[in-house]
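Undergrad: model.cif is reproduced in full below (mmCIF, C-alpha atoms).
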data_start
#
loop_
_atom_site.label_atom_id
_atom_site.label_comp_id
_atom_site.auth_asym_id
_atom_site.auth_seq_id
_atom_site.Cartn_x
_atom_site.Cartn_y
_atom_site.Cartn_z
CA MET X 762 212.87 33.31 152.67
CA GLU X 763 211.68 34.99 149.48
CA PRO X 764 207.97 35.99 149.30
CA GLY X 765 205.86 33.31 147.66
CA GLN X 766 208.30 30.47 148.50
CA PRO X 767 206.96 27.49 150.47
CA ARG X 768 208.14 27.07 154.00
CA GLU X 769 210.81 24.46 154.68
CA VAL X 770 209.24 21.27 156.01
CA ARG X 771 211.52 19.71 158.68
CA GLU X 772 211.42 16.26 160.16
CA PRO X 773 210.07 16.22 163.72
CA GLY X 774 212.69 15.92 166.46
CA PRO X 775 212.61 13.53 169.42
CA GLY X 776 209.37 13.82 171.36
CA ALA X 777 207.79 16.01 168.69
CA GLU X 778 204.20 15.55 167.53
CA THR X 779 204.27 12.81 164.88
CA SER X 780 200.79 13.39 163.45
CA ALA X 781 200.86 14.42 159.78
CA ALA X 782 197.55 16.33 160.02
CA PRO X 783 198.99 19.79 160.95
CA ARG X 784 201.62 19.59 158.19
CA TRP X 785 199.01 18.46 155.67
CA GLU X 786 196.65 21.32 156.52
CA GLU X 787 199.49 23.82 156.22
CA ALA X 788 200.57 22.44 152.86
CA LYS X 789 196.96 22.30 151.60
CA THR X 790 196.42 25.96 152.50
CA PHE X 791 199.61 26.96 150.70
CA TYR X 792 198.77 25.11 147.48
CA ASP X 793 195.14 26.26 147.57
CA ASN X 794 196.46 29.80 147.56
CA LEU X 795 198.60 29.05 144.52
CA SER X 796 195.73 27.56 142.51
CA PRO X 797 193.19 29.72 140.62
CA LYS X 798 190.36 31.01 142.77
CA LYS X 799 187.46 28.62 142.80
CA LYS X 800 183.95 29.76 141.98
CA PRO X 801 181.65 30.00 145.00
CA LYS X 802 179.43 27.13 145.98
CA SER X 803 175.85 27.23 144.69
CA PRO X 804 173.33 28.01 147.43
CA LYS X 805 170.38 25.77 148.19
CA PRO X 806 167.45 27.09 146.11
CA GLN X 807 165.19 27.50 149.14
CA ASN X 808 167.76 29.76 150.83
CA ALA X 809 168.53 32.03 147.88
CA VAL X 810 166.78 34.69 145.79
CA THR X 811 166.34 32.73 142.56
CA ILE X 812 166.30 34.60 139.25
CA ALA X 813 165.30 32.41 136.29
CA VAL X 814 166.42 33.83 132.94
CA SER X 815 165.66 32.49 129.48
CA SER X 816 168.48 32.02 126.98
CA ARG X 817 167.02 34.69 124.65
CA ALA X 818 166.86 37.14 127.55
CA LEU X 819 170.46 36.54 128.60
CA PHE X 820 171.94 36.38 125.09
CA ARG X 821 171.14 37.81 121.67
CA MET X 822 169.88 34.95 119.52
CA ASP X 823 168.16 36.84 116.69
CA GLU X 824 169.77 34.85 113.87
CA GLU X 825 169.19 31.55 115.64
CA GLN X 826 165.55 32.44 116.24
CA ARG X 827 165.12 33.37 112.57
CA ILE X 828 166.49 29.97 111.52
CA TYR X 829 164.16 28.21 113.97
CA THR X 830 161.12 30.13 112.70
CA GLU X 831 161.89 29.81 108.99
CA GLN X 832 163.65 26.44 108.74
CA GLY X 833 162.54 24.43 111.76
CA VAL X 834 164.07 22.80 114.78
CA GLU X 835 166.44 20.37 113.02
CA GLU X 836 168.18 23.13 111.08
CA TYR X 837 168.24 25.25 114.23
CA VAL X 838 170.01 22.51 116.23
CA ARG X 839 172.44 21.86 113.35
CA TYR X 840 173.33 25.57 113.22
CA GLN X 841 173.89 25.71 116.97
CA LEU X 842 176.17 22.67 116.89
CA GLU X 843 178.22 24.15 114.05
CA HIS X 844 178.67 27.39 115.97
CA GLU X 845 178.95 26.03 119.51
CA ASN X 846 182.44 27.49 120.02
CA GLU X 847 181.21 30.98 119.13
CA PRO X 848 179.85 32.78 122.21
CA PHE X 849 176.52 34.54 121.93
CA SER X 850 176.46 38.31 122.23
CA PRO X 851 175.02 39.71 125.49
CA GLY X 852 171.24 40.13 125.55
CA PRO X 853 169.00 42.56 127.44
CA ALA X 854 169.20 40.69 130.78
CA PHE X 855 173.00 40.42 130.67
CA PRO X 856 173.83 43.69 132.53
CA PHE X 857 171.20 42.82 135.15
CA VAL X 858 172.77 39.40 135.73
CA LYS X 859 176.26 40.91 135.98
CA ALA X 860 174.93 43.37 138.57
CA LEU X 861 173.40 40.50 140.56
CA GLU X 862 176.78 38.81 140.62
CA ALA X 863 178.47 42.02 141.79
CA VAL X 864 176.04 42.14 144.74
CA ASN X 865 176.75 38.47 145.49
CA LYS X 866 180.48 39.20 145.64
CA ARG X 867 179.89 41.87 148.28
CA LEU X 868 177.50 39.66 150.25
CA ARG X 869 179.98 36.79 150.33
CA GLU X 870 182.71 39.11 151.57
CA LEU X 871 180.48 40.22 154.46
CA TYR X 872 178.69 36.92 155.13
CA PRO X 873 180.96 34.08 153.92
CA ASP X 874 178.72 31.31 155.27
CA SER X 875 175.35 32.73 154.20
CA GLU X 876 173.35 31.32 151.29
CA ASP X 877 171.05 34.35 151.20
CA VAL X 878 172.35 35.53 147.82
CA PHE X 879 171.09 35.70 144.24
CA ASP X 880 171.02 32.36 142.44
CA ILE X 881 170.67 32.55 138.65
CA VAL X 882 169.03 29.71 136.73
CA LEU X 883 169.12 29.46 132.94
CA MET X 884 165.60 28.40 132.00
CA THR X 885 165.14 27.47 128.34
CA ASN X 886 163.09 25.19 126.11
CA ASN X 887 166.18 24.57 123.98
CA HIS X 888 167.27 21.05 123.14
CA ALA X 889 170.03 19.74 125.40
CA GLN X 890 172.41 19.63 122.40
CA VAL X 891 172.35 23.43 122.37
CA GLY X 892 173.53 23.41 125.97
CA VAL X 893 177.21 23.21 125.01
CA ARG X 894 177.08 26.58 123.23
CA LEU X 895 175.21 28.12 126.18
CA ILE X 896 177.80 26.73 128.62
CA ASN X 897 180.65 28.00 126.44
CA SER X 898 179.05 31.45 126.33
CA ILE X 899 178.54 31.56 130.09
CA ASN X 900 182.16 30.55 130.67
CA HIS X 901 183.37 33.05 128.06
CA TYR X 902 181.80 35.92 130.02
CA ASP X 903 182.81 34.40 133.38
CA LEU X 904 179.22 34.20 134.62
CA PHE X 905 178.39 32.08 137.64
CA ILE X 906 175.36 30.12 136.41
CA GLU X 907 175.43 26.51 137.55
CA ARG X 908 171.73 25.61 137.31
CA PHE X 909 170.29 24.91 133.86
CA CYS X 910 166.83 23.76 132.83
CA MET X 911 166.68 22.71 129.15
CA THR X 912 163.31 21.24 128.29
CA GLY X 913 163.75 20.17 124.65
CA GLY X 914 160.81 22.07 123.20
CA ASN X 915 158.45 21.82 126.17
CA SER X 916 157.48 24.85 128.21
CA PRO X 917 159.79 25.34 131.22
CA ILE X 918 157.07 27.06 133.26
CA CYS X 919 156.17 23.94 135.21
CA TYR X 920 159.70 23.85 136.64
CA LEU X 921 159.76 27.42 137.98
CA LYS X 922 158.20 26.58 141.35
CA ALA X 923 160.50 23.59 141.78
CA TYR X 924 163.45 25.98 141.45
CA HIS X 925 161.89 28.31 144.09
CA THR X 926 161.84 31.10 141.51
CA ASN X 927 161.51 34.67 142.80
CA LEU X 928 161.61 36.28 139.34
CA TYR X 929 161.39 34.90 135.79
CA LEU X 930 162.62 36.94 132.82
CA SER X 931 161.98 35.84 129.25
CA ALA X 932 161.77 37.22 125.72
CA ASP X 933 158.67 35.04 125.17
CA ALA X 934 155.53 36.95 126.16
CA GLU X 935 153.34 33.84 126.17
CA LYS X 936 155.57 31.99 128.64
CA VAL X 937 155.63 35.08 130.86
CA ARG X 938 151.81 35.15 130.88
CA GLU X 939 151.82 31.47 131.85
CA ALA X 940 154.16 32.22 134.75
CA ILE X 941 152.03 35.15 135.95
CA ASP X 942 148.95 32.91 135.83
CA GLU X 943 150.84 30.46 138.07
CA GLY X 944 151.47 33.20 140.62
CA ILE X 945 155.15 33.64 139.75
CA ALA X 946 156.71 37.10 139.37
CA ALA X 947 157.60 37.37 135.70
CA ALA X 948 158.20 39.90 132.93
CA THR X 949 158.94 40.02 129.21
CA ILE X 950 162.27 41.76 128.76
CA PHE X 951 163.06 44.07 125.82
CA SER X 952 166.33 45.39 124.46
CA PRO X 953 166.78 49.18 124.52
CA SER X 954 166.90 51.14 121.28
CA ARG X 955 170.42 52.28 122.13
CA ASP X 956 173.12 51.20 124.53
CA VAL X 957 173.58 53.16 127.75
CA VAL X 958 176.35 52.58 130.29
CA VAL X 959 174.97 51.29 133.59
CA SER X 960 176.62 50.93 136.98
CA GLN X 961 178.85 47.91 137.45
CA SER X 962 178.99 48.26 141.23
CA GLN X 963 175.37 48.98 142.18
CA LEU X 964 172.27 47.02 141.15
CA ARG X 965 169.50 49.47 140.22
CA VAL X 966 165.94 48.23 139.85
CA ALA X 967 162.98 50.50 139.00
CA PHE X 968 159.33 49.52 139.48
CA ASP X 969 156.03 50.95 138.39
CA GLY X 970 153.46 50.89 141.18
CA ASP X 971 149.96 49.87 140.12
CA ALA X 972 149.66 46.35 138.64
CA VAL X 973 153.38 45.76 139.33
CA LEU X 974 154.11 46.23 143.03
CA PHE X 975 150.44 46.84 143.86
CA SER X 976 147.26 45.24 142.57
CA ASP X 977 145.34 46.79 139.66
CA GLU X 978 142.54 48.04 141.95
CA SER X 979 143.20 51.70 141.22
CA GLU X 980 143.70 51.20 137.47
CA ARG X 981 140.29 49.52 137.29
CA ILE X 982 138.69 52.61 138.79
CA VAL X 983 140.47 54.91 136.32
CA LYS X 984 139.32 52.83 133.36
CA ALA X 985 135.75 52.48 134.61
CA HIS X 986 135.10 55.93 136.09
CA GLY X 987 137.89 58.33 135.08
CA LEU X 988 140.59 60.26 136.93
CA ASP X 989 138.34 62.40 139.12
CA ARG X 990 136.69 59.36 140.67
CA PHE X 991 140.14 57.76 141.03
CA PHE X 992 141.44 60.74 143.04
CA GLU X 993 138.36 60.65 145.27
CA HIS X 994 138.78 56.91 145.82
CA GLU X 995 142.46 57.21 146.71
CA LYS X 996 141.80 60.02 149.18
CA ALA X 997 138.98 58.08 150.86
CA HIS X 998 141.14 54.92 151.08
CA GLU X 999 144.48 56.59 151.83
CA ASN X 1000 144.99 54.53 154.99
CA LYS X 1001 143.87 51.24 153.48
CA PRO X 1002 146.83 49.35 151.97
CA LEU X 1003 146.54 48.26 148.38
CA ALA X 1004 146.61 44.53 147.70
CA GLN X 1005 149.94 43.18 146.52
CA GLY X 1006 150.90 42.95 142.86
CA PRO X 1007 153.01 40.30 141.11
CA LEU X 1008 156.43 41.85 141.87
CA LYS X 1009 155.87 42.73 145.52
CA GLY X 1010 157.73 39.56 146.57
CA PHE X 1011 160.76 40.48 144.46
CA LEU X 1012 160.96 43.95 146.03
CA GLU X 1013 160.68 42.21 149.40
CA ALA X 1014 163.63 39.97 148.54
CA LEU X 1015 165.70 42.99 147.45
CA GLY X 1016 164.82 44.76 150.70
CA ARG X 1017 165.93 41.75 152.75
CA LEU X 1018 169.34 41.75 151.07
CA GLN X 1019 169.65 45.52 151.47
CA LYS X 1020 169.18 45.16 155.22
CA LYS X 1021 172.17 42.81 155.36
CA PHE X 1022 174.30 45.75 154.17
CA TYR X 1023 172.54 48.23 156.46
CA SER X 1024 173.35 46.05 159.49
CA LYS X 1025 177.03 46.44 158.62
CA GLY X 1026 176.73 50.23 158.55
CA LEU X 1027 176.69 50.36 154.73
CA ARG X 1028 173.34 52.01 154.00
CA LEU X 1029 174.94 54.81 151.98
CA GLU X 1030 177.27 52.38 150.19
CA CYS X 1031 174.63 49.69 149.60
CA PRO X 1032 175.13 47.97 146.21
CA ILE X 1033 171.35 47.64 145.73
CA ARG X 1034 169.14 50.65 145.00
CA THR X 1035 165.41 50.55 144.27
CA TYR X 1036 163.09 53.09 142.67
CA LEU X 1037 159.34 53.60 142.49
CA VAL X 1038 158.57 55.32 139.17
CA THR X 1039 154.84 55.88 138.92
CA ALA X 1040 152.40 57.90 136.83
CA ARG X 1041 150.51 58.74 140.04
CA SER X 1042 150.61 62.33 141.26
CA ALA X 1043 152.10 62.87 144.70
CA ALA X 1044 149.49 65.21 146.21
CA SER X 1045 146.33 63.41 145.09
CA SER X 1046 147.31 59.74 145.16
CA GLY X 1047 150.91 59.37 146.28
CA ALA X 1048 150.27 58.94 150.00
CA ARG X 1049 148.41 55.66 149.58
CA ALA X 1050 151.26 54.14 147.57
CA LEU X 1051 153.86 55.09 150.20
CA LYS X 1052 151.66 54.00 153.10
CA THR X 1053 151.06 50.66 151.39
CA LEU X 1054 154.81 50.02 151.17
CA ARG X 1055 155.19 51.07 154.79
CA SER X 1056 152.43 48.67 155.88
CA TRP X 1057 154.37 45.85 154.21
CA GLY X 1058 157.56 46.84 156.01
CA LEU X 1059 159.08 47.83 152.67
CA GLU X 1060 160.52 50.94 151.12
CA THR X 1061 162.15 52.10 147.93
CA ASP X 1062 165.26 54.27 148.01
CA GLU X 1063 163.64 56.79 145.69
CA ALA X 1064 160.01 57.52 144.80
CA LEU X 1065 159.24 59.49 141.64
CA PHE X 1066 155.64 60.63 141.11
CA LEU X 1067 155.28 61.85 137.52
CA ALA X 1068 151.59 62.84 137.41
CA GLY X 1069 151.21 61.34 133.94
CA ALA X 1070 154.46 62.68 132.47
CA PRO X 1071 156.63 60.34 130.35
CA LYS X 1072 158.87 58.01 132.36
CA GLY X 1073 161.65 57.67 129.80
CA PRO X 1074 163.57 60.89 130.59
CA LEU X 1075 163.64 60.12 134.33
CA LEU X 1076 164.76 56.56 133.68
CA GLU X 1077 167.53 57.89 131.46
CA LYS X 1078 168.89 59.72 134.51
CA ILE X 1079 168.47 56.73 136.86
CA ARG X 1080 170.00 54.24 134.41
CA PRO X 1081 168.47 51.15 136.02
CA HIS X 1082 169.55 47.68 135.02
CA ILE X 1083 165.87 46.89 134.58
CA PHE X 1084 162.54 48.74 134.77
CA PHE X 1085 159.22 46.92 135.29
CA ASP X 1086 155.90 48.31 134.02
CA ASP X 1087 152.51 46.87 133.09
CA GLN X 1088 151.87 49.36 130.26
CA MET X 1089 153.57 48.74 126.93
CA PHE X 1090 153.68 52.44 126.02
CA HIS X 1091 155.79 53.08 129.14
CA VAL X 1092 158.01 50.14 128.20
CA ALA X 1093 158.44 51.56 124.68
CA GLY X 1094 159.22 55.02 126.09
CA ALA X 1095 161.87 53.55 128.34
CA GLN X 1096 163.41 51.61 125.44
CA GLU X 1097 163.72 54.76 123.36
CA MET X 1098 165.79 56.37 126.12
CA GLY X 1099 168.18 53.42 126.40
CA THR X 1100 166.59 51.60 129.35
CA VAL X 1101 166.21 47.82 129.54
CA ALA X 1102 162.47 47.55 130.19
CA ALA X 1103 160.35 44.56 131.16
CA HIS X 1104 156.60 44.23 130.63
CA VAL X 1105 154.52 42.70 133.44
CA PRO X 1106 151.33 41.28 131.84
CA TYR X 1107 149.07 41.70 134.83
CA GLY X 1108 145.84 43.54 135.54
CA VAL X 1109 143.06 45.29 133.69
CA ALA X 1110 145.40 46.92 131.16
CA GLN X 1111 146.09 43.46 129.69
CA THR X 1112 142.43 42.60 128.93
CA PRO X 1113 142.37 43.89 125.31
CA ARG X 1114 145.74 42.27 124.60
CA ARG X 1115 144.61 38.91 125.99
CA ALA X 1116 141.37 39.09 124.03
CA ALA X 1117 143.31 39.75 120.82
CA ALA X 1118 145.67 36.85 121.54
CA ALA X 1119 142.75 34.50 122.20
CA LYS X 1120 141.05 35.60 118.98
CA GLN X 1121 144.27 34.97 117.02
CA THR X 1122 144.58 31.50 118.57
CA LEU X 1123 141.00 30.59 117.68
CA GLY X 1124 141.50 31.86 114.15
CA SER X 1125 144.53 29.63 113.67
CA GLN X 1126 142.79 26.43 114.75
#
Could you spell out this file's structure in structure tokens?

TA:
Amino acid sequence: MEPGQPREVREPGPGAETSAAPRWEEAKTFYDNLSPKKKPKSPKPQNAVTIAVSSRALFRMDEEQRIYTEQGVEEYVRYQLEHENEPFSPGPAFPFVKALEAVNKRLRELYPDSEDVFDIVLMTNNHAQVGVRLINSINHYDLFIERFCMTGGNSPICYLKAYHTNLYLSADAEKVREAIDEGIAAATIFSPSRDVVVSQSQLRVAFDGDAVLFSDESERIVKAHGLDRFFEHEKAHENKPLAQGPLKGFLEALGRLQKKFYSKGLRLECPIRTYLVTARSAASSGARALKTLRSWGLETDEALFLAGAPKGPLLEKIRPHIFFDDQMFHVAGAQEMGTVAAHVPYGVAQTPRRAAAAKQTLGSQ
């Protein structure tokens, strides 16, 4: 029999089993193997690590956004319908999403029945009519995104908890602030100034410490009393864990998935790698940060203490798929070096920005 040919199906002889079930299962297996591979089943939201991504984070929609701003929603929808067979170009969150899917592929190979994987939800306030172009774009790039939330102009923030969201990424800073206020890990994602090749086989995520993984307790002391008092405070409280920041839960979820690889003896080949990239100095304030992570039962694969030096050059070497920071000047520095950076609007550093936004809102009323 030639390879790839179906087996000959013979009639049962006298006394043979007459049930058709075994022959049917054999034939079904054969023809399933001939058909294109099916996409995996979507996990239940409560069992997965849910990443909600806005359409403008996943795809580049600069021209569409310009039309919306200058000509209004009707012209915007008309333009989208006319171009619905043209896929969007990849946006800043695209490499991150592809890396999530690469991790999922490995997890499903090791744990075929587990739903403890990344689940990506497209979360957008677009009109449902625009959904066809988004679906076409997702299929064009062979992304596995089955859950959509299109709210037709209303804010999607109220749906994030219903989707059991572990992280929300958007290009809209106001929606990100709303999510943070609701206790949801969120960040405003920015495109890098230049394209840099990132790993396609290992998800790399870099975090700032204070006001990202940790609370803003220490930053408040710096702003109120200066660095010398900060160093004294950190030394005195070295063994007291910092309170958690908005992205602690996301690092926790990454750590849980990492341990699934470790239990298979794949620590050195783990497709998830995490980094702490902090302006803290190691000798004077680094111990508290590391002891805090330890007290949570968490760790990062690498910890870089820069003592106030720019983060961009180090991030250029790491080449993370995403870097989270609460300070916009660190975000801008990362962008300049080709890193996809995401701003976490949390803590005392955001007070002037929030005050300016409130003043602008009052002035427009």

Undergrad: Using all atoms listed in the file, can you tell me which of X:Glu836, X:Asp969, X:Glu845, X:Glu1013 comes closest to X:Ala1095?

TA: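 With all atoms listed in the file as the atom set, the closest residue is X:Asp969.
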
Undergrad: Using only C-alpha atoms, what does the table of stretch 1037-1090 of chain X residues within 9 Å of stretch 962-966 of chain X look like, with each row giving the shortest atom pair and its distance in Å to one decimal, sorted by chain and ascending number, as a Markdown table?

TA:
| residue | atom | partner | partner_atom | distance |
| --- | --- | --- | --- | --- |
| X:Leu1037 | CA | X:Val966 | CA | 8.9 |
| X:Ile1079 | CA | X:Arg965 | CA | 8.1 |
| X:Arg1080 | CA | X:Arg965 | CA | 7.5 |
| X:Pro1081 | CA | X:Arg965 | CA | 4.6 |
| X:His1082 | CA | X:Arg965 | CA | 5.5 |
| X:Ile1083 | CA | X:Val966 | CA | 5.4 |
| X:Phe1084 | CA | X:Val966 | CA | 6.1 |
| X:Phe1085 | CA | X:Val966 | CA | 8.2 |

Undergrad: Nearest residue to X:Gln890 out of X:Phe992, X:Phe849, X:Phe968, X:Tyr837, using only C-alpha atoms?

TA: X:Tyr837

Undergrad: Go through X:Glu862, X:Ser815, X:Gly913, X:Pro873 and flag the residue nearest X:Leu895, using all atoms listed in the file for the distances.

TA: X:Ser815

Undergrad: Apply the PyMOL selection byres ((chain X and resi 1091) around 10) to the displayed file and report the matching residues as a ChimeraX atom specification.

TA: /X:969,1040,1071-1073,1084-1090,1092-1097,1102-1104

Undergrad: Measure the distance from atom CA of X:Val878 to atom CA of X:Gly944 in Å and round it to one decimal.

TA: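 Interatomic distance, atom CA of X:Val878 to atom CA of X:Gly944: 22.2 Å.
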
Undergrad: Figure out the distance between atom CA of X:Gly970 and atom CA of X:Ile941, please, to one decimal in Å.

TA: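 Separation of atom CA of X:Ile941 and atom CA of X:Gly970: 16.6 Å.
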
Undergrad: At a cut-off of 8 Å, using all atoms listed in the file, what residues contact stretch 1042-1057 of chain X? Leave out same-chain residues fewer than 2 positions from it and give the result as a list in words.

TA: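 Contacts, in chain order: Gly970, Phe992, Glu995, Lys996, His998, Glu999, Asn1000, Lys1001, Pro1002, Leu1003, Ala1040, Leu1059, Glu1060, Phe1066, Leu1067, Ala1068 and Gly1069 of chain X.
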
Undergrad: If I take atom CA of X:Ala947 and atom CA of X:Ala813, how far is one from the other in Å, to one decimal?

TA: 9.2 Å

Undergrad: Using the structure block above, produce a file of stretch 889-931 of chain X that contains C-alpha atoms, as a short mmCIF file (atom, residue, chain, number, x, y, z; two decimals), in the first residue's frame.

TA:
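What follows is the written file selection-v1.cif:
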data_model
loop_
_atom_site.label_atom_id
_atom_site.label_comp_id
_atom_site.auth_asym_id
_atom_site.auth_seq_id
_atom_site.Cartn_x
_atom_site.Cartn_y
_atom_site.Cartn_z
CA ALA X 889 -20.10 46.43 14.25
CA GLN X 890 -20.01 47.22 10.51
CA VAL X 891 -16.26 47.71 10.82
CA GLY X 892 -15.98 44.20 12.22
CA VAL X 893 -15.73 42.59 8.78
CA ARG X 894 -12.48 44.42 8.00
CA LEU X 895 -11.09 43.51 11.44
CA ILE X 896 -12.03 39.85 10.92
CA ASN X 897 -10.48 39.87 7.44
CA SER X 898 -7.28 41.35 8.86
CA ILE X 899 -7.10 38.80 11.66
CA ASN X 900 -7.60 35.95 9.19
CA HIS X 901 -5.06 37.48 6.78
CA TYR X 902 -2.36 37.28 9.46
CA ASP X 903 -3.60 33.90 10.72
CA LEU X 904 -4.22 35.20 14.24
CA PHE X 905 -6.31 33.16 16.65
CA ILE X 906 -8.70 35.79 18.02
CA GLU X 907 -12.22 34.46 18.43
CA ARG X 908 -13.61 36.88 21.03
CA PHE X 909 -14.62 40.36 19.87
CA CYS X 910 -16.25 43.20 21.76
CA MET X 911 -17.45 46.00 19.44
CA THR X 912 -19.39 48.63 21.36
CA GLY X 913 -20.52 51.02 18.61
CA GLY X 914 -19.08 54.20 20.07
CA ASN X 915 -19.53 53.38 23.76
CA SER X 916 -16.57 52.78 26.04
CA PRO X 917 -15.68 49.07 26.24
CA ILE X 918 -14.25 49.41 29.75
CA CYS X 919 -17.38 48.13 31.46
CA TYR X 920 -16.95 44.79 29.66
CA LEU X 921 -13.36 44.13 30.75
CA LYS X 922 -14.27 42.43 34.04
CA ALA X 923 -16.92 40.31 32.32
CA TYR X 924 -14.17 38.98 30.04
CA HIS X 925 -11.97 38.19 33.10
CA THR X 926 -9.31 40.53 31.70
CA ASN X 927 -5.77 40.15 33.05
CA LEU X 928 -4.30 42.93 30.89
CA TYR X 929 -5.82 45.63 28.68
CA LEU X 930 -3.75 47.36 25.99
CA SER X 931 -5.06 50.37 24.11
#
